[in-house]
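Q: See my_file34.cif below, with mmCIF, C-alpha atoms.
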data_coords
#
loop_
_atom_site.group_PDB
_atom_site.id
_atom_site.type_symbol
_atom_site.label_atom_id
_atom_site.label_comp_id
_atom_site.auth_asym_id
_atom_site.auth_seq_id
_atom_site.Cartn_x
_atom_site.Cartn_y
_atom_site.Cartn_z
ATOM 1 C CA MET A 1 -17.562 31.054 -11.848
ATOM 2 C CA SER A 2 -14.929 28.598 -12.992
ATOM 3 C CA ASP A 3 -12.476 29.793 -15.633
ATOM 4 C CA GLN A 4 -12.033 26.238 -16.888
ATOM 5 C CA PRO A 5 -14.029 24.923 -19.845
ATOM 6 C CA VAL A 6 -17.225 23.302 -18.617
ATOM 7 C CA ARG A 7 -16.871 19.560 -18.319
ATOM 8 C CA PHE A 8 -19.861 17.541 -17.299
ATOM 9 C CA ALA A 9 -19.569 13.822 -16.702
ATOM 10 C CA PRO A 10 -19.595 11.523 -19.726
ATOM 11 C CA ARG A 11 -22.811 9.605 -20.341
ATOM 12 C CA GLY A 12 -22.873 6.199 -18.706
ATOM 13 C CA PRO A 13 -25.191 3.269 -19.381
ATOM 14 C CA THR A 14 -28.950 3.875 -19.178
ATOM 15 C CA GLU A 15 -29.242 2.466 -15.653
ATOM 16 C CA GLU A 16 -26.658 4.951 -14.395
ATOM 17 C CA VAL A 17 -28.166 7.905 -16.275
ATOM 18 C CA GLU A 18 -31.636 7.178 -14.908
ATOM 19 C CA GLU A 19 -30.934 5.867 -11.409
ATOM 20 C CA GLY A 20 -27.542 7.342 -10.544
ATOM 21 C CA LEU A 21 -26.392 10.513 -8.832
ATOM 22 C CA THR A 22 -24.016 11.607 -11.587
ATOM 23 C CA PHE A 23 -25.079 14.675 -13.530
ATOM 24 C CA ALA A 24 -24.389 13.791 -17.166
ATOM 25 C CA PRO A 25 -26.638 16.043 -19.247
ATOM 26 C CA LYS A 26 -27.431 14.975 -22.786
ATOM 27 C CA PHE A 27 -26.901 17.920 -25.113
ATOM 28 C CA ASP A 28 -28.649 17.533 -28.455
ATOM 29 C CA HIS A 29 -27.196 18.141 -31.919
ATOM 30 C CA ASP A 30 -27.467 21.867 -31.283
ATOM 31 C CA GLY A 31 -25.483 21.416 -28.060
ATOM 32 C CA VAL A 32 -28.384 22.281 -25.770
ATOM 33 C CA VAL A 33 -30.777 20.845 -23.217
ATOM 34 C CA THR A 34 -34.359 22.055 -22.920
ATOM 35 C CA CYS A 35 -35.151 24.146 -19.855
ATOM 36 C CA VAL A 36 -38.637 24.704 -18.442
ATOM 37 C CA ALA A 37 -38.909 27.614 -16.021
ATOM 38 C CA THR A 38 -41.896 27.622 -13.674
ATOM 39 C CA ASP A 39 -42.960 30.232 -11.147
ATOM 40 C CA ALA A 40 -41.825 28.965 -7.747
ATOM 41 C CA SER A 41 -44.975 30.337 -6.127
ATOM 42 C CA SER A 42 -47.798 29.595 -8.554
ATOM 43 C CA GLY A 43 -46.266 26.627 -10.376
ATOM 44 C CA ASP A 44 -47.229 28.146 -13.734
ATOM 45 C CA VAL A 45 -44.915 27.541 -16.651
ATOM 46 C CA LEU A 46 -43.259 30.874 -17.407
ATOM 47 C CA MET A 47 -41.107 29.967 -20.407
ATOM 48 C CA VAL A 48 -39.343 27.192 -22.279
ATOM 49 C CA ALA A 49 -35.822 27.882 -23.513
ATOM 50 C CA HIS A 50 -32.484 26.172 -24.016
ATOM 51 C CA MET A 51 -29.171 25.943 -22.202
ATOM 52 C CA ASN A 52 -25.832 24.934 -23.619
ATOM 53 C CA ALA A 53 -23.136 23.620 -21.265
ATOM 54 C CA GLU A 54 -21.934 27.116 -20.422
ATOM 55 C CA ALA A 55 -25.426 28.452 -19.690
ATOM 56 C CA LEU A 56 -26.202 25.403 -17.573
ATOM 57 C CA ALA A 57 -22.983 25.745 -15.569
ATOM 58 C CA ARG A 58 -23.487 29.477 -15.030
ATOM 59 C CA THR A 59 -27.068 28.903 -13.862
ATOM 60 C CA ILE A 60 -25.958 26.244 -11.379
ATOM 61 C CA GLU A 61 -23.030 28.247 -10.043
ATOM 62 C CA SER A 62 -24.695 31.668 -9.874
ATOM 63 C CA GLY A 63 -28.275 30.693 -9.008
ATOM 64 C CA GLU A 64 -29.485 33.065 -11.756
ATOM 65 C CA ALA A 65 -30.963 31.733 -15.008
ATOM 66 C CA TRP A 66 -28.744 31.830 -18.082
ATOM 67 C CA TYR A 67 -29.893 30.580 -21.475
ATOM 68 C CA PHE A 68 -28.525 29.967 -24.943
ATOM 69 C CA SER A 69 -30.293 31.311 -28.005
ATOM 70 C CA ARG A 70 -30.195 28.752 -30.804
ATOM 71 C CA SER A 71 -31.279 31.302 -33.383
ATOM 72 C CA ARG A 72 -28.701 33.922 -32.398
ATOM 73 C CA GLY A 73 -26.033 31.488 -31.230
ATOM 74 C CA THR A 74 -25.469 33.539 -28.103
ATOM 75 C CA LEU A 75 -25.401 33.038 -24.356
ATOM 76 C CA TRP A 76 -27.715 35.353 -22.437
ATOM 77 C CA ARG A 77 -28.534 36.025 -18.846
ATOM 78 C CA LYS A 78 -32.265 36.308 -18.304
ATOM 79 C CA GLY A 79 -32.951 39.934 -17.528
ATOM 80 C CA GLU A 80 -29.732 41.323 -18.958
ATOM 81 C CA SER A 81 -31.755 43.702 -21.137
ATOM 82 C CA SER A 82 -34.911 44.037 -19.079
ATOM 83 C CA GLY A 83 -33.588 43.710 -15.545
ATOM 84 C CA HIS A 84 -36.184 40.979 -15.068
ATOM 85 C CA THR A 85 -33.884 38.278 -13.729
ATOM 86 C CA GLN A 86 -34.818 34.811 -12.529
ATOM 87 C CA ARG A 87 -33.509 33.530 -9.208
ATOM 88 C CA VAL A 88 -33.382 29.736 -9.236
ATOM 89 C CA VAL A 89 -35.034 28.208 -6.179
ATOM 90 C CA GLU A 90 -34.629 24.625 -7.342
ATOM 91 C CA MET A 91 -33.349 22.761 -10.394
ATOM 92 C CA ARG A 92 -34.432 19.272 -11.395
ATOM 93 C CA VAL A 93 -33.206 17.012 -14.185
ATOM 94 C CA ASP A 94 -35.315 14.414 -15.953
ATOM 95 C CA CYS A 95 -34.839 10.659 -16.298
ATOM 96 C CA ASP A 96 -32.685 10.707 -19.434
ATOM 97 C CA GLN A 97 -31.063 14.017 -18.482
ATOM 98 C CA ASP A 98 -31.879 15.940 -21.642
ATOM 99 C CA ALA A 99 -34.165 18.462 -19.932
ATOM 100 C CA VAL A 100 -34.036 20.544 -16.779
ATOM 101 C CA TRP A 101 -36.828 22.165 -14.805
ATOM 102 C CA ILE A 102 -36.090 25.287 -12.812
ATOM 103 C CA LYS A 103 -38.429 26.800 -10.238
ATOM 104 C CA VAL A 104 -37.723 30.518 -10.229
ATOM 105 C CA GLU A 105 -38.550 33.766 -8.521
ATOM 106 C CA GLN A 106 -39.229 36.060 -11.468
ATOM 107 C CA SER A 107 -38.373 39.685 -10.851
ATOM 108 C CA GLY A 108 -39.941 42.634 -12.644
ATOM 109 C CA GLY A 109 -43.421 41.241 -13.098
ATOM 110 C CA GLY A 110 -42.996 39.061 -16.138
ATOM 111 C CA ALA A 111 -40.850 36.504 -17.935
ATOM 112 C CA CYS A 112 -42.132 37.150 -21.431
ATOM 113 C CA HIS A 113 -40.634 39.748 -23.753
ATOM 114 C CA THR A 114 -44.197 40.717 -24.762
ATOM 115 C CA GLY A 115 -44.753 42.055 -21.242
ATOM 116 C CA ARG A 116 -46.752 39.134 -19.845
ATOM 117 C CA ARG A 117 -46.088 37.155 -16.694
ATOM 118 C CA SER A 118 -45.719 33.928 -18.730
ATOM 119 C CA CYS A 119 -44.965 33.253 -22.389
ATOM 120 C CA PHE A 120 -47.972 30.896 -22.402
ATOM 121 C CA TYR A 121 -50.754 33.495 -22.573
ATOM 122 C CA ARG A 122 -52.909 31.828 -25.214
ATOM 123 C CA ALA A 123 -54.943 28.628 -24.966
ATOM 124 C CA VAL A 124 -55.370 26.130 -27.794
ATOM 125 C CA PRO A 125 -58.960 24.797 -27.671
ATOM 126 C CA ILE A 126 -59.185 21.027 -27.262
ATOM 127 C CA GLY A 127 -61.665 18.739 -29.021
ATOM 128 C CA GLY A 128 -62.183 20.441 -32.357
ATOM 129 C CA ARG A 129 -60.384 20.211 -35.676
ATOM 130 C CA ALA A 130 -56.733 21.162 -35.370
ATOM 131 C CA ASP A 131 -56.604 23.073 -38.635
ATOM 132 C CA THR A 132 -59.487 25.453 -37.993
ATOM 133 C CA LEU A 133 -58.976 26.358 -34.343
ATOM 134 C CA VAL A 134 -58.818 29.894 -32.973
ATOM 135 C CA LEU A 135 -56.522 30.691 -30.047
ATOM 136 C CA GLU A 136 -57.966 32.261 -26.883
ATOM 137 C CA PHE A 137 -56.094 34.780 -24.750
ATOM 138 C CA ARG A 138 -55.714 33.565 -21.165
ATOM 139 C CA ASP A 139 -53.914 35.334 -18.270
ATOM 140 C CA ALA A 140 -52.662 37.682 -20.961
ATOM 141 C CA GLY A 141 -52.542 40.996 -19.108
ATOM 142 C CA LYS A 142 -49.401 43.058 -19.622
ATOM 143 C CA ARG A 143 -47.230 43.392 -16.532
ATOM 144 C CA PHE A 144 -44.861 45.850 -18.142
ATOM 145 C CA ASP A 145 -44.514 47.843 -21.350
ATOM 146 C CA PRO A 146 -42.060 45.946 -23.543
ATOM 147 C CA LYS A 147 -41.298 49.012 -25.656
ATOM 148 C CA ALA A 148 -40.269 50.935 -22.550
ATOM 149 C CA VAL A 149 -38.242 48.057 -21.118
ATOM 150 C CA TYR A 150 -36.356 46.822 -24.177
ATOM 151 C CA GLY A 151 -34.170 48.859 -26.450
ATOM 152 C CA LYS A 152 -34.291 45.805 -28.674
ATOM 153 C CA PRO A 153 -36.147 42.514 -28.302
ATOM 154 C CA GLU A 154 -34.609 40.172 -25.692
ATOM 155 C CA LYS A 155 -35.829 37.036 -27.480
ATOM 156 C CA MET B 1 -59.681 12.541 -36.464
ATOM 157 C CA SER B 2 -59.294 14.084 -39.895
ATOM 158 C CA ASP B 3 -58.061 11.835 -42.713
ATOM 159 C CA GLN B 4 -56.483 14.839 -44.412
ATOM 160 C CA PRO B 5 -52.797 15.684 -43.971
ATOM 161 C CA VAL B 6 -52.341 18.059 -41.075
ATOM 162 C CA ARG B 7 -52.140 21.649 -42.245
ATOM 163 C CA PHE B 8 -51.496 24.339 -39.726
ATOM 164 C CA ALA B 9 -51.530 27.984 -40.724
ATOM 165 C CA PRO B 10 -48.386 29.410 -42.337
ATOM 166 C CA ARG B 11 -46.209 31.614 -40.128
ATOM 167 C CA GLY B 12 -47.087 35.281 -40.398
ATOM 168 C CA PRO B 13 -45.079 38.302 -39.272
ATOM 169 C CA THR B 14 -43.869 38.397 -35.645
ATOM 170 C CA GLU B 15 -46.698 40.688 -34.518
ATOM 171 C CA GLU B 16 -49.280 38.199 -35.773
ATOM 172 C CA VAL B 17 -47.472 35.166 -34.315
ATOM 173 C CA GLU B 18 -47.216 36.808 -30.903
ATOM 174 C CA GLU B 19 -50.422 38.817 -30.640
ATOM 175 C CA GLY B 20 -52.788 37.057 -33.026
ATOM 176 C CA LEU B 21 -55.347 34.296 -32.661
ATOM 177 C CA THR B 22 -53.984 32.134 -35.472
ATOM 178 C CA PHE B 23 -52.325 28.898 -34.418
ATOM 179 C CA ALA B 24 -49.178 28.713 -36.552
ATOM 180 C CA PRO B 25 -46.783 26.404 -34.679
ATOM 181 C CA LYS B 26 -43.093 26.671 -35.475
ATOM 182 C CA PHE B 27 -41.719 23.184 -36.004
ATOM 183 C CA ASP B 28 -37.936 22.988 -35.696
ATOM 184 C CA HIS B 29 -35.499 21.288 -38.068
ATOM 185 C CA ASP B 30 -36.612 17.936 -36.643
ATOM 186 C CA GLY B 31 -40.208 18.860 -37.434
ATOM 187 C CA VAL B 32 -41.280 19.105 -33.792
ATOM 188 C CA VAL B 33 -42.390 21.534 -31.120
ATOM 189 C CA THR B 34 -41.428 21.061 -27.471
ATOM 190 C CA CYS B 35 -44.234 19.996 -25.155
ATOM 191 C CA VAL B 36 -44.228 20.418 -21.371
ATOM 192 C CA ALA B 37 -46.796 18.300 -19.545
ATOM 193 C CA THR B 38 -47.737 19.392 -16.022
ATOM 194 C CA ASP B 39 -50.029 17.720 -13.516
ATOM 195 C CA ALA B 40 -53.338 19.600 -13.676
ATOM 196 C CA SER B 41 -53.778 19.237 -9.899
ATOM 197 C CA SER B 42 -50.334 19.796 -8.401
ATOM 198 C CA GLY B 43 -48.794 21.897 -11.167
ATOM 199 C CA ASP B 44 -45.633 19.775 -11.092
ATOM 200 C CA VAL B 45 -43.826 19.226 -14.361
ATOM 201 C CA LEU B 46 -44.371 15.571 -15.264
ATOM 202 C CA MET B 47 -42.360 15.325 -18.483
ATOM 203 C CA VAL B 48 -40.920 17.183 -21.437
ATOM 204 C CA ALA B 49 -41.311 15.610 -24.860
ATOM 205 C CA HIS B 50 -41.890 16.559 -28.480
ATOM 206 C CA MET B 51 -44.802 16.673 -30.894
ATOM 207 C CA ASN B 52 -44.669 16.700 -34.664
ATOM 208 C CA ALA B 53 -47.647 18.095 -36.597
ATOM 209 C CA GLU B 54 -49.473 14.769 -36.514
ATOM 210 C CA ALA B 55 -48.971 14.279 -32.754
ATOM 211 C CA LEU B 56 -50.057 17.850 -32.096
ATOM 212 C CA ALA B 57 -53.197 17.490 -34.219
ATOM 213 C CA ARG B 58 -54.126 14.160 -32.624
ATOM 214 C CA THR B 59 -53.659 15.616 -29.137
ATOM 215 C CA ILE B 60 -55.879 18.594 -29.938
ATOM 216 C CA GLU B 61 -58.592 16.531 -31.612
ATOM 217 C CA SER B 62 -58.676 13.590 -29.183
ATOM 218 C CA GLY B 63 -57.862 15.349 -25.897
ATOM 219 C CA GLU B 64 -55.304 12.598 -25.159
ATOM 220 C CA ALA B 65 -51.563 13.294 -25.309
ATOM 221 C CA TRP B 66 -49.677 12.033 -28.360
ATOM 222 C CA TYR B 67 -45.964 12.564 -28.828
ATOM 223 C CA PHE B 68 -43.269 12.020 -31.435
ATOM 224 C CA SER B 69 -40.034 10.262 -30.568
ATOM 225 C CA ARG B 70 -37.110 11.988 -32.290
ATOM 226 C CA SER B 71 -34.770 9.061 -31.560
ATOM 227 C CA ARG B 72 -37.124 6.391 -32.889
ATOM 228 C CA GLY B 73 -38.846 8.554 -35.482
ATOM 229 C CA THR B 74 -42.252 7.315 -34.385
ATOM 230 C CA LEU B 75 -45.573 8.736 -33.267
ATOM 231 C CA TRP B 76 -46.762 7.391 -29.915
ATOM 232 C CA ARG B 77 -49.807 7.820 -27.766
ATOM 233 C CA LYS B 78 -48.858 8.327 -24.121
ATOM 234 C CA GLY B 79 -49.904 5.171 -22.315
ATOM 235 C CA GLU B 80 -50.138 2.940 -25.369
ATOM 236 C CA SER B 81 -47.772 0.449 -23.689
ATOM 237 C CA SER B 82 -48.432 1.201 -20.028
ATOM 238 C CA GLY B 83 -52.093 2.183 -20.075
ATOM 239 C CA HIS B 84 -51.003 5.357 -18.284
ATOM 240 C CA THR B 85 -52.670 7.867 -20.551
ATOM 241 C CA GLN B 86 -52.796 11.643 -20.186
ATOM 242 C CA ARG B 87 -56.104 13.491 -20.535
ATOM 243 C CA VAL B 88 -55.482 17.057 -21.618
ATOM 244 C CA VAL B 89 -57.307 19.575 -19.452
ATOM 245 C CA GLU B 90 -55.806 22.619 -21.131
ATOM 246 C CA MET B 91 -53.248 23.405 -23.820
ATOM 247 C CA ARG B 92 -51.322 26.661 -24.083
ATOM 248 C CA VAL B 93 -48.902 27.885 -26.729
ATOM 249 C CA ASP B 94 -46.031 30.280 -26.108
ATOM 250 C CA CYS B 95 -45.268 33.671 -27.602
ATOM 251 C CA ASP B 96 -43.300 32.474 -30.629
ATOM 252 C CA GLN B 97 -45.370 29.290 -30.940
ATOM 253 C CA ASP B 98 -42.526 26.786 -30.806
ATOM 254 C CA ALA B 99 -43.588 25.207 -27.503
ATOM 255 C CA VAL B 100 -46.845 24.014 -25.998
ATOM 256 C CA TRP B 101 -47.795 23.445 -22.370
ATOM 257 C CA ILE B 102 -50.426 20.850 -21.557
ATOM 258 C CA LYS B 103 -52.064 20.449 -18.161
ATOM 259 C CA VAL B 104 -52.984 16.806 -17.855
ATOM 260 C CA GLU B 105 -54.747 14.277 -15.685
ATOM 261 C CA GLN B 106 -52.204 11.461 -15.517
ATOM 262 C CA SER B 107 -53.727 8.009 -15.142
ATOM 263 C CA GLY B 108 -51.960 5.007 -13.607
ATOM 264 C CA GLY B 109 -49.947 6.811 -10.979
ATOM 265 C CA GLY B 110 -47.003 8.038 -12.990
ATOM 266 C CA ALA B 111 -45.811 9.670 -16.198
ATOM 267 C CA CYS B 112 -42.246 8.376 -16.082
ATOM 268 C CA HIS B 113 -41.193 5.057 -17.595
ATOM 269 C CA THR B 114 -39.038 4.497 -14.479
ATOM 270 C CA GLY B 115 -42.223 4.207 -12.388
ATOM 271 C CA ARG B 116 -42.190 7.688 -10.869
ATOM 272 C CA ARG B 117 -44.957 10.267 -10.869
ATOM 273 C CA SER B 118 -42.713 12.742 -12.730
ATOM 274 C CA CYS B 119 -39.589 12.316 -14.860
ATOM 275 C CA PHE B 120 -37.995 15.075 -12.747
ATOM 276 C CA TYR B 121 -37.167 13.033 -9.627
ATOM 277 C CA ARG B 122 -33.638 14.332 -9.046
ATOM 278 C CA ALA B 123 -32.513 17.775 -7.928
ATOM 279 C CA VAL B 124 -29.379 19.518 -9.171
ATOM 280 C CA PRO B 125 -27.828 21.428 -6.226
ATOM 281 C CA ILE B 126 -27.473 25.167 -6.838
ATOM 282 C CA GLY B 127 -24.523 27.319 -5.792
ATOM 283 C CA GLY B 128 -21.586 24.949 -6.068
ATOM 284 C CA ARG B 129 -19.272 24.030 -8.903
ATOM 285 C CA ALA B 130 -21.144 22.572 -11.846
ATOM 286 C CA ASP B 131 -18.565 19.898 -12.636
ATOM 287 C CA THR B 132 -18.429 18.289 -9.191
ATOM 288 C CA LEU B 133 -22.070 18.251 -8.144
ATOM 289 C CA VAL B 134 -23.981 15.211 -6.927
ATOM 290 C CA LEU B 135 -27.670 14.792 -7.759
ATOM 291 C CA GLU B 136 -30.226 14.348 -4.970
ATOM 292 C CA PHE B 137 -33.297 12.182 -5.266
ATOM 293 C CA ARG B 138 -36.485 14.175 -4.664
ATOM 294 C CA ASP B 139 -40.110 12.909 -4.826
ATOM 295 C CA ALA B 140 -38.583 9.770 -6.309
ATOM 296 C CA GLY B 141 -40.879 7.081 -4.914
ATOM 297 C CA LYS B 142 -42.011 4.447 -7.414
ATOM 298 C CA ARG B 143 -45.714 4.568 -8.206
ATOM 299 C CA PHE B 144 -45.639 1.392 -10.292
ATOM 300 C CA ASP B 145 -43.228 -1.375 -11.207
ATOM 301 C CA PRO B 146 -41.892 -0.543 -14.668
ATOM 302 C CA LYS B 147 -40.818 -4.130 -15.331
ATOM 303 C CA ALA B 148 -44.355 -5.351 -14.664
ATOM 304 C CA VAL B 149 -45.964 -2.575 -16.707
ATOM 305 C CA TYR B 150 -43.773 -2.530 -19.800
ATOM 306 C CA GLY B 151 -42.980 -5.424 -22.017
ATOM 307 C CA LYS B 152 -40.402 -3.069 -23.491
ATOM 308 C CA PRO B 153 -39.420 0.469 -22.563
ATOM 309 C CA GLU B 154 -41.955 3.076 -23.634
ATOM 310 C CA LYS B 155 -39.360 5.802 -23.913
#
Would you encode the structure as structure tokens?
A:
Amino acid sequence: MSDQPVRFAPRGPTEEVEEGLTFAPKFDHDGVVTCVATDASSGDVLMVAHMNAEALARTIESGEAWYFSRSRGTLWRKGESSGHTQRVVEMRVDCDQDAVWIKVEQSGGGACHTGRRSCFYRAVPIGGRADTLVLEFRDAGKRFDPKAVYGKPEK
Amino acid sequence: MSDQPVRFAPRGPTEEVEEGLTFAPKFDHDGVVTCVATDASSGDVLMVAHMNAEALARTIESGEAWYFSRSRGTLWRKGESSGHTQRVVEMRVDCDQDAVWIKVEQSGGGACHTGRRSCFYRAVPIGGRADTLVLEFRDAGKRFDPKAVYGKPEK
């Protein structure tokens, strides 16, 4: 890991950002990009979180997922409490470079602090009124006991 | 589509948000949730965008993806310029209800305004220094000619 402050390239014109080979991530007013983590095997979305420049650099350099908690204002390595780390198989960046997609090998059975494989364990029914809908559990089985794994909530 | 203002349920305690069947999305300080759209067939991430309450309600009620542009401050239906709409096969919400995942059937060959199938057409190499990396095009073939499709950029 570099000891220097993280410096990504400055943002160029749109053509360069979208069609070039320079990595110039666009951090929002909270200083983060959005990160989508999918299971490298199944393709399922495991979680959506954020990375500041430091978390992004550490993820790239170590090959393990690091995130930044906007609510707590802290950098965290996925699995630092639970042991359930994420090994990054591939990282992609989107057209305007304000979001990254990582395909990961999730250790320990689940990515979600509730004990599920994925954080997305409830479906929102489509086609009815939005204000009277009832969620439906989907792929919601617990893979681990969160109370046993966490001394305190990871997220 | 309801003519009434969109009213989602108020946020309850954490246990209810995470384990309950009430849809109580957490809109951030910009008034949006993050939305990840994946291809219902391949599972690939097509795009990451945002939905305000109105976009979220319209998506749920119509089964077509609507988004909200934070930079332009406008509601937009995916495909309203290009004709490349997204039919929502399934919607999921995450544990703390600040992100949704939609599995979509993408019409017109591509989700990205650059003409690609997915907005994530460049890989970020893992394992080297973050500040000297060079992006690599991946699955970056054009599915349509953006200049022919858009009178003006959709995104």
Q: Using the chain letters and residue numbers of this document, give as a list in words the residues selected by the PyMOL selection byres ((chain A and resi 29) around 12).
A: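 Output from the PyMOL selection byres ((chain A and resi 29) around 12), applied to this file: Lys26, Phe27, Asp28, Asp30, Gly31, Val32, Val33, Asn52, Arg70 and Asp98 of chain A; His29, Asp30, Arg70 and Ser71 of chain B.
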Q: So that I can see what lies close to Thr22 in chain B, please list as a list in words the residues with an atom at most 10 Å from it, counting only C-alpha atoms and leaving out residues fewer than 2 positions away in the same chain.
A: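 Once the nearby chain positions are removed, what remains is Val124, Asp131, Thr132, Leu133, Val134, Leu135 and Glu136 of chain A; Phe8, Ala9, Pro10, Arg11, Gly12, Glu16, Val17, Glu18, Glu19, Gly20, Ala24 and Pro25 of chain B.
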Q: Considering only C-alpha atoms, extract the chain B residues located within 8 Å of chain A and return them as a PyMOL selection string.
A: chain B and resi 1-2+6-9+18+20-23+36+43-45+47-48+57-63+88+90-95+99-101+112+114+119-131+133-137
Q: Quick check, in Å to one decimal: how far apart do CA of Gly110 in chain B and CA of Phe144 in chain B lie?
A: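 Separation between CA of Gly110 in chain B and CA of Phe144 in chain B: 7.3 Å.
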Q: To one decimal in Å, tell me the separation between CA of Ser41 in chain B and CA of Gly83 in chain B.
A: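 Calculated distance between CA of Ser41 in chain B and CA of Gly83 in chain B is 19.9 Å.
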Q: Given the file shown, determine the residues that the PyMOL selection byres ((chain A and resi 84) around 12) selects; report them as a ChimeraX atom specification.
A: /A:64-65,77-83,85-87,104-113,115-117,143-144,146,149-150,154
Q: Could you save those same residues with C-alpha atoms as a PDB file, in the coordinates of the input?
A:
ATOM      1  CA  GLU A  64     -29.485  33.065 -11.756  1.00  0.00           C
ATOM      2  CA  ALA A  65     -30.963  31.733 -15.008  1.00  0.00           C
ATOM      3  CA  ARG A  77     -28.534  36.025 -18.846  1.00  0.00           C
ATOM      4  CA  LYS A  78     -32.265  36.308 -18.304  1.00  0.00           C
ATOM      5  CA  GLY A  79     -32.951  39.934 -17.528  1.00  0.00           C
ATOM      6  CA  GLU A  80     -29.732  41.323 -18.958  1.00  0.00           C
ATOM      7  CA  SER A  81     -31.755  43.702 -21.137  1.00  0.00           C
ATOM      8  CA  SER A  82     -34.911  44.037 -19.079  1.00  0.00           C
ATOM      9  CA  GLY A  83     -33.588  43.710 -15.545  1.00  0.00           C
ATOM     10  CA  THR A  85     -33.884  38.278 -13.729  1.00  0.00           C
ATOM     11  CA  GLN A  86     -34.818  34.811 -12.529  1.00  0.00           C
ATOM     12  CA  ARG A  87     -33.509  33.530  -9.208  1.00  0.00           C
ATOM     13  CA  VAL A 104     -37.723  30.518 -10.229  1.00  0.00           C
ATOM     14  CA  GLU A 105     -38.550  33.766  -8.521  1.00  0.00           C
ATOM     15  CA  GLN A 106     -39.229  36.060 -11.468  1.00  0.00           C
ATOM     16  CA  SER A 107     -38.373  39.685 -10.851  1.00  0.00           C
ATOM     17  CA  GLY A 108     -39.941  42.634 -12.644  1.00  0.00           C
ATOM     18  CA  GLY A 109     -43.421  41.241 -13.098  1.00  0.00           C
ATOM     19  CA  GLY A 110     -42.996  39.061 -16.138  1.00  0.00           C
ATOM     20  CA  ALA A 111     -40.850  36.504 -17.935  1.00  0.00           C
ATOM     21  CA  CYS A 112     -42.132  37.150 -21.431  1.00  0.00           C
ATOM     22  CA  HIS A 113     -40.634  39.748 -23.753  1.00  0.00           C
ATOM     23  CA  GLY A 115     -44.753  42.055 -21.242  1.00  0.00           C
ATOM     24  CA  ARG A 116     -46.752  39.134 -19.845  1.00  0.00           C
ATOM     25  CA  ARG A 117     -46.088  37.155 -16.694  1.00  0.00           C
ATOM     26  CA  ARG A 143     -47.230  43.392 -16.532  1.00  0.00           C
ATOM     27  CA  PHE A 144     -44.861  45.850 -18.142  1.00  0.00           C
ATOM     28  CA  PRO A 146     -42.060  45.946 -23.543  1.00  0.00           C
ATOM     29  CA  VAL A 149     -38.242  48.057 -21.118  1.00  0.00           C
ATOM     30  CA  TYR A 150     -36.356  46.822 -24.177  1.00  0.00           C
ATOM     31  CA  GLU A 154     -34.609  40.172 -25.692  1.00  0.00           C
TER      32      GLU A 154
END
